[in-house]
file model36.txt (compact mmCIF, C-alpha atoms)
# COMPACT_ATOMS: atom_id res chain seq x y z
CA MET A 1 -16.15 -3.27 -21.75
CA THR A 2 -14.68 -2.47 -25.12
CA GLU A 3 -11.15 -1.91 -23.96
CA SER A 4 -10.23 -5.51 -23.37
CA ALA A 5 -8.13 -5.41 -26.51
CA ASP A 6 -5.48 -3.24 -24.91
CA ILE A 7 -5.42 -5.28 -21.71
CA GLY A 8 -2.72 -7.74 -22.56
CA ILE A 9 -1.38 -10.92 -21.07
CA VAL A 10 1.04 -8.85 -18.99
CA PHE A 11 -1.80 -7.32 -17.03
CA TRP A 12 -3.29 -10.71 -16.23
CA VAL A 13 0.04 -12.13 -15.10
CA LEU A 14 0.78 -9.09 -12.97
CA SER A 15 -2.63 -9.00 -11.35
CA PHE A 16 -2.48 -12.72 -10.65
CA VAL A 17 0.88 -12.27 -8.93
CA ILE A 18 -0.42 -9.25 -7.01
CA LEU A 19 -3.53 -10.97 -5.74
CA VAL A 20 -1.84 -14.25 -4.84
CA SER A 21 1.01 -12.58 -3.00
CA ALA A 22 -1.35 -10.16 -1.26
CA PHE A 23 -3.38 -13.11 -0.07
CA MET A 24 -0.18 -14.73 1.16
CA VAL A 25 0.67 -11.51 3.03
CA VAL A 26 -2.52 -11.63 5.01
CA SER A 27 -2.75 -15.37 5.53
CA LEU A 28 0.66 -16.89 6.13
CA LYS A 29 1.72 -17.83 9.63
CA ASN A 30 5.36 -16.83 9.48
CA ILE A 31 5.50 -13.05 9.49
CA PHE A 32 8.87 -13.02 7.75
CA HIS A 33 7.46 -14.89 4.75
CA CYS A 34 4.66 -12.34 4.76
CA ALA A 35 7.22 -9.56 4.37
CA LEU A 36 8.86 -11.34 1.44
CA PHE A 37 5.50 -11.77 -0.29
CA LEU A 38 4.81 -8.11 0.41
CA ILE A 39 7.96 -7.25 -1.55
CA MET A 40 6.78 -9.40 -4.44
CA CYS A 41 3.37 -7.73 -4.40
CA LEU A 42 4.88 -4.24 -4.41
CA PHE A 43 7.13 -5.14 -7.35
CA SER A 44 4.13 -6.27 -9.32
CA VAL A 45 2.30 -3.06 -8.49
CA ALA A 46 5.29 -1.24 -9.95
CA GLY A 47 4.77 -3.30 -13.10
CA ILE A 48 1.12 -2.19 -13.18
CA PHE A 49 2.35 1.41 -12.97
CA VAL A 50 4.57 0.81 -15.99
CA LEU A 51 1.56 -0.56 -17.86
CA LEU A 52 -0.30 2.62 -16.99
CA ASP A 53 2.48 4.85 -18.44
CA ALA A 54 3.66 6.08 -15.04
CA GLU A 55 7.35 5.31 -15.28
CA PHE A 56 8.50 7.71 -12.59
CA LEU A 57 5.93 6.34 -10.20
CA ALA A 58 7.11 2.80 -10.89
CA ALA A 59 10.69 3.79 -10.12
CA ALA A 60 9.61 5.59 -6.97
CA GLN A 61 7.59 2.56 -5.96
CA VAL A 62 10.58 0.27 -6.29
CA LEU A 63 12.90 2.72 -4.51
CA ILE A 64 10.65 3.71 -1.63
CA TYR A 65 8.42 0.73 -1.03
CA VAL A 66 10.66 -2.16 -1.94
CA GLY A 67 13.89 -0.47 -0.99
CA ALA A 68 12.90 1.34 2.16
CA VAL A 69 9.55 0.41 3.64
CA ALA A 70 9.78 -3.35 3.15
CA ILE A 71 13.35 -3.43 4.45
CA LEU A 72 12.21 -1.40 7.44
CA MET A 73 9.47 -3.96 8.04
CA ILE A 74 11.99 -6.79 7.87
CA PHE A 75 14.25 -4.96 10.33
CA ALA A 76 11.36 -4.50 12.72
CA ILE A 77 10.39 -8.16 12.42
CA MET A 78 13.94 -9.25 13.17
CA LEU A 79 14.20 -6.86 16.12
CA THR A 80 10.96 -7.84 17.74
CA SER A 81 9.69 -11.35 17.29
CA ASN A 82 11.31 -14.72 17.67
CA LEU A 83 9.78 -15.65 14.39
CA ALA A 84 11.36 -18.87 13.24
CA SER A 85 9.69 -21.15 15.74
CA ARG A 86 6.37 -19.40 15.96
CA LYS A 87 3.50 -21.77 15.59
CA ILE A 88 0.79 -19.88 17.41
CA ARG A 89 -2.23 -18.42 15.73
CA GLN A 90 -1.54 -15.26 13.80
CA VAL A 91 -5.14 -14.21 13.54
CA ASN A 92 -7.54 -13.02 16.15
CA GLU A 93 -11.08 -14.17 16.73
CA ASN A 94 -12.59 -11.88 14.11
CA VAL A 95 -11.77 -14.09 11.13
CA SER A 96 -15.29 -14.87 10.06
CA VAL A 97 -16.37 -11.25 10.44
CA GLY A 98 -13.29 -10.14 8.51
CA VAL A 99 -13.95 -12.55 5.66
CA PHE A 100 -17.56 -11.48 5.51
CA VAL A 101 -16.84 -7.76 5.49
CA SER A 102 -13.99 -8.03 2.98
CA VAL A 103 -15.86 -10.23 0.51
CA LEU A 104 -18.91 -8.01 0.81
CA PHE A 105 -16.81 -4.91 0.21
CA ALA A 106 -15.07 -6.42 -2.81
CA LEU A 107 -18.31 -7.63 -4.40
CA ALA A 108 -20.11 -4.35 -3.76
CA SER A 109 -17.33 -2.20 -5.17
CA ILE A 110 -16.86 -4.40 -8.25
CA ILE A 111 -20.59 -4.38 -8.97
CA LEU A 112 -20.69 -0.62 -8.53
CA ILE A 113 -17.70 -0.17 -10.83
CA ALA A 114 -19.25 -2.42 -13.46
CA GLN A 115 -22.55 -0.58 -13.34
CA THR A 116 -21.12 2.90 -13.62
CA HIS A 117 -21.26 4.37 -17.09
CA ILE A 118 -20.44 7.98 -16.37
CA TRP A 119 -16.80 7.78 -17.36
CA HIS A 120 -16.04 9.00 -20.82
CA TYR A 121 -12.61 7.58 -20.75
CA LYS A 122 -10.40 7.51 -23.74
CA THR A 123 -9.19 4.41 -25.39
CA ASP A 124 -7.38 6.07 -28.28
CA PHE A 125 -4.96 8.28 -26.43
CA THR A 126 -1.31 8.78 -27.06
CA PRO A 127 0.99 8.49 -24.08
CA VAL A 128 2.42 11.74 -22.82
CA GLU A 129 5.94 12.48 -23.91
CA ASN A 130 8.41 13.36 -21.17
CA SER A 131 6.07 12.68 -18.32
CA ILE A 132 8.84 13.15 -15.78
CA VAL A 133 9.46 16.69 -17.01
CA ILE A 134 5.79 17.54 -16.69
CA LEU A 135 5.68 15.97 -13.26
CA GLY A 136 8.66 18.01 -12.09
CA LYS A 137 7.15 21.22 -13.38
CA TYR A 138 3.92 20.47 -11.57
CA LEU A 139 5.80 19.78 -8.37
CA MET A 140 7.82 22.97 -8.58
CA ILE A 141 5.15 25.40 -9.81
CA GLN A 142 1.58 24.44 -9.21
CA TYR A 143 1.94 22.01 -6.33
CA VAL A 144 4.90 23.58 -4.57
CA LEU A 145 2.99 24.14 -1.33
CA PRO A 146 1.97 20.47 -0.87
CA PHE A 147 5.53 19.56 -1.78
CA GLU A 148 6.91 21.66 1.07
CA VAL A 149 4.23 20.49 3.48
CA VAL A 150 5.02 16.88 2.74
CA SER A 151 8.69 17.54 3.37
CA ILE A 152 7.79 18.98 6.77
CA LEU A 153 5.72 15.84 7.38
CA LEU A 154 8.73 13.69 6.55
CA LEU A 155 10.91 15.70 8.94
CA ALA A 156 8.31 15.39 11.68
CA SER A 157 8.01 11.64 11.23
CA LEU A 158 11.80 11.31 11.26
CA ILE A 159 12.09 13.18 14.54
CA GLY A 160 9.08 11.36 15.93
CA ALA A 161 10.53 7.97 15.12
CA ILE A 162 13.83 8.88 16.76
CA VAL A 163 12.13 10.23 19.87
CA LEU A 164 9.86 7.19 20.16
CA ALA A 165 12.47 4.53 19.62
CA ARG A 166 15.21 6.08 21.74
CA LYS A 167 16.04 4.44 25.01
CA GLU A 168 15.17 6.59 27.94
CA ARG A 169 18.05 7.17 30.27
CA SER A 170 16.92 8.35 33.64
CA MET B 171 -10.05 0.62 -17.00
CA PHE B 172 -12.62 -1.62 -15.36
CA TYR B 173 -10.01 -4.28 -14.85
CA TYR B 174 -7.61 -1.93 -13.10
CA LEU B 175 -10.34 -0.66 -10.79
CA ALA B 176 -11.48 -4.21 -10.03
CA LEU B 177 -7.90 -5.23 -9.26
CA ALA B 178 -7.57 -2.27 -6.90
CA ALA B 179 -10.87 -3.12 -5.21
CA ILE B 180 -9.85 -6.73 -4.61
CA LEU B 181 -6.42 -5.66 -3.35
CA PHE B 182 -8.06 -3.19 -0.98
CA SER B 183 -10.37 -5.90 0.31
CA ILE B 184 -7.47 -8.25 0.95
CA GLY B 185 -5.70 -5.49 2.85
CA MET B 186 -8.81 -4.78 4.84
CA PHE B 187 -9.12 -8.46 5.72
CA GLY B 188 -5.54 -8.38 6.96
CA VAL B 189 -6.10 -5.29 9.07
CA LEU B 190 -9.21 -6.80 10.62
CA THR B 191 -7.81 -10.22 11.40
CA ARG B 192 -4.08 -9.94 12.10
CA ARG B 193 -2.82 -10.20 15.64
CA ASN B 194 0.74 -9.16 14.88
CA THR B 195 1.11 -5.40 14.67
CA ILE B 196 3.66 -5.59 11.87
CA GLY B 197 1.17 -7.73 9.97
CA ILE B 198 -1.39 -4.98 10.37
CA LEU B 199 1.10 -2.44 9.04
CA MET B 200 1.86 -4.63 6.00
CA SER B 201 -1.84 -4.96 5.24
CA LEU B 202 -2.08 -1.18 5.44
CA GLU B 203 0.61 -0.96 2.77
CA LEU B 204 -1.53 -3.19 0.56
CA MET B 205 -4.45 -0.78 0.98
CA PHE B 206 -2.25 2.20 0.12
CA ASN B 207 -1.17 0.42 -3.04
CA ALA B 208 -4.76 -0.22 -4.05
CA ALA B 209 -5.47 3.49 -3.72
CA ASN B 210 -2.39 4.26 -5.81
CA ILE B 211 -3.50 1.93 -8.60
CA ASN B 212 -6.85 3.72 -8.64
CA PHE B 213 -5.26 7.14 -8.87
CA VAL B 214 -2.92 6.18 -11.69
CA ALA B 215 -5.64 4.39 -13.64
CA PHE B 216 -7.94 7.40 -13.45
CA ASN B 217 -5.07 9.64 -14.43
CA ARG B 218 -4.29 7.62 -17.52
CA TYR B 219 -7.82 7.03 -18.75
CA ILE B 220 -9.53 10.31 -17.92
CA ILE B 221 -7.05 13.18 -17.63
CA THR B 222 -4.20 11.92 -19.71
CA GLU B 223 -2.73 15.33 -20.45
CA SER B 224 -2.62 16.30 -16.78
CA MET B 225 -0.51 14.61 -14.15
CA ALA B 226 -2.58 15.27 -11.05
CA GLY B 227 -3.32 11.62 -10.34
CA GLN B 228 0.32 10.65 -10.44
CA LEU B 229 1.15 13.56 -8.14
CA PHE B 230 -1.44 12.33 -5.68
CA ALA B 231 0.07 8.88 -5.88
CA ILE B 232 3.51 10.31 -5.12
CA PHE B 233 2.17 12.12 -2.08
CA ILE B 234 0.46 8.92 -0.96
CA ILE B 235 3.77 7.06 -1.21
CA VAL B 236 5.49 9.72 0.91
CA VAL B 237 2.76 9.67 3.54
CA ALA B 238 2.87 5.87 3.62
CA ALA B 239 6.62 5.96 4.19
CA ALA B 240 6.18 8.39 7.08
CA GLU B 241 3.41 6.24 8.51
CA ALA B 242 5.53 3.10 8.30
CA THR B 243 8.42 4.85 10.04
CA VAL B 244 6.41 6.10 12.98
CA GLY B 245 4.40 2.88 13.19
CA LEU B 246 7.49 0.72 13.37
CA ALA B 247 9.01 3.01 15.99
CA ILE B 248 5.85 2.55 18.06
CA VAL B 249 6.10 -1.21 17.49
CA LEU B 250 9.66 -1.23 18.82
CA LEU B 251 8.60 0.80 21.86
CA VAL B 252 5.70 -1.53 22.54
CA TYR B 253 7.97 -4.54 22.24
CA ARG B 254 10.35 -3.03 24.75
CA ASN B 255 7.57 -2.43 27.25
CA TRP B 256 5.38 -5.49 26.81
CA LYS B 257 7.80 -8.06 25.36
CA GLY B 258 5.42 -8.84 22.55
CA ILE B 259 3.80 -7.11 19.63
CA ASP B 260 0.47 -8.86 19.35
CA SER B 261 -2.22 -6.29 19.27
CA ASP B 262 -4.09 -7.72 22.24
CA ASN B 263 -1.01 -7.30 24.40
CA TYR B 264 -1.40 -3.60 24.79
CA SER B 265 -4.95 -2.76 25.52
CA VAL B 266 -3.59 -0.27 28.02
CA MET B 267 -2.04 2.82 26.51
CA LYS B 268 -0.21 4.07 29.60
CA TRP B 269 2.39 2.80 31.96
call {"tool": "encode", "arguments": {"input": "model36.txt", "output": "structure tokens"}}
result
Amino acid sequence: MTESADIGIVFWVLSFVILVSAFMVVSLKNIFHCALFLIMCLFSVAGIFVLLDAEFLAAAQVLIYVGAVAILMIFAIMLTSNLASRKIRQVNENVSVGVFVSVLFALASIILIAQTHIWHYKTDFTPVENSIVILGKYLMIQYVLPFEVVSILLLASLIGAIVLARKERS
Amino acid sequence: MFYYLALAAILFSIGMFGVLTRRNTIGILMSLELMFNAANINFVAFNRYIITESMAGQLFAIFIIVVAAAEATVGLAIVLLVYRNWKGIDSDNYSVMKW
């Protein structure tokens, strides 16, 4: 690959943090520590978005994932499990199958990516000015129907969560 | 671009490992978030390296984030409901979906 010049040290640090913390998320015993490592992983993904010139997406990632989803996870963990003294196995009996399938999938996809030469991607591009303005125009003009549909989806999931989690009084 | 795609592939595999092997339902949901993030990295990388002047990849990533938030909300509500009924959230607790 000829583009390794514009992959800097920042990318390697960020991807190292992402992969290590993602591995911690799936392998640690204490589920609360898993949630904290999940937050670290999502922060680093936001850094990757900044590297890829997607500033708005990085901000949205920090706001929604780190600020909302991860906190929601932590709330659910605190509401459900007696986590501090949990020493039982956190994995089921499919560990060997899971390792096999995941390693196979990773190797296959990386080999396929490395062998594909059909992309004529640019290495000498200039980053788009005012990407947030362009994004907003897309959302309001060309993609206004998916925008509205996704707002209906959010409303439905809000109502669904309330209905599911409410205590039934009979 | 190869490095971004390889990073996303490895992240997706780690998430898939978590989904396949976790017993705790919240652990499964967190691994799902990892897989969503891998997909997002792919979308943004393709957007930057192939269609730089358009923003379609970033828009897809935004919609993925919204859908993931909705999924996490409903999933955690179901987790709370399951905990109230079965007093535990391990995924082999509730092989029965009625009561």
call {"tool": "axis_aligned_box", "arguments": {"input": "model36.txt", "around": "range 156-166 of chain A", "padding_each_side": "4 Å", "output": "lines of an AutoDock Vina configuration file"}}
result
center_x = 11.6
center_y = 10.0
center_z = 16.5
size_x = 15.2
size_y = 18.9
size_z = 18.5
call {"tool": "closest_atom_pairs", "arguments": {"input": "model36.txt", "of": "chain B", "to": "chain A", "cutoff": "6 Å", "atoms": "only C-alpha atoms", "output": "Markdown table"}}
result
| residue | atom | partner | partner_atom | distance |
| --- | --- | --- | --- | --- |
| B:Ala176 | CA | A:Ile110 | CA | 5.7 |
| B:Ala179 | CA | A:Ala106 | CA | 5.9 |
| B:Ile180 | CA | A:Ala106 | CA | 5.5 |
| B:Ser183 | CA | A:Ser102 | CA | 5.0 |
| B:Phe187 | CA | A:Gly98 | CA | 5.3 |
| B:Gly188 | CA | A:Val26 | CA | 4.8 |
| B:Leu190 | CA | A:Gly98 | CA | 5.7 |
| B:Thr191 | CA | A:Val91 | CA | 5.3 |
| B:Arg192 | CA | A:Val91 | CA | 4.6 |
| B:Arg193 | CA | A:Val91 | CA | 5.1 |
| B:Tyr219 | CA | A:Tyr121 | CA | 5.2 |
| B:Ile220 | CA | A:Tyr121 | CA | 5.0 |
| B:Ala240 | CA | A:Ser157 | CA | 5.6 |
| B:Val244 | CA | A:Ala161 | CA | 5.0 |
| B:Ala247 | CA | A:Ala165 | CA | 5.2 |
| B:Leu251 | CA | A:Ala165 | CA | 5.8 |
call {"tool": "atom_distance", "arguments": {"input": "model36.txt", "atom1": "CA of Phe216 in chain B", "atom2": "CA of Phe37 in chain A"}}
result
26.9 Å
call {"tool": "closest_residue", "arguments": {"input": "model36.txt", "among": "B:Asn217, B:Ile196, B:Asn255, B:Leu229", "to": "Thr243 in chain B", "atoms": "all atoms listed in the file"}}
result
B:Ile196
call {"tool": "atom_distance", "arguments": {"input": "model36.txt", "atom1": "CA of Leu202 in chain B", "atom2": "CA of Gly47 in chain A"}}
result
19.9 Å
call {"tool": "atom_distance", "arguments": {"input": "model36.txt", "atom1": "CA of Glu148 in chain A", "atom2": "CA of Ala242 in chain B"}}
result
20.0 Å
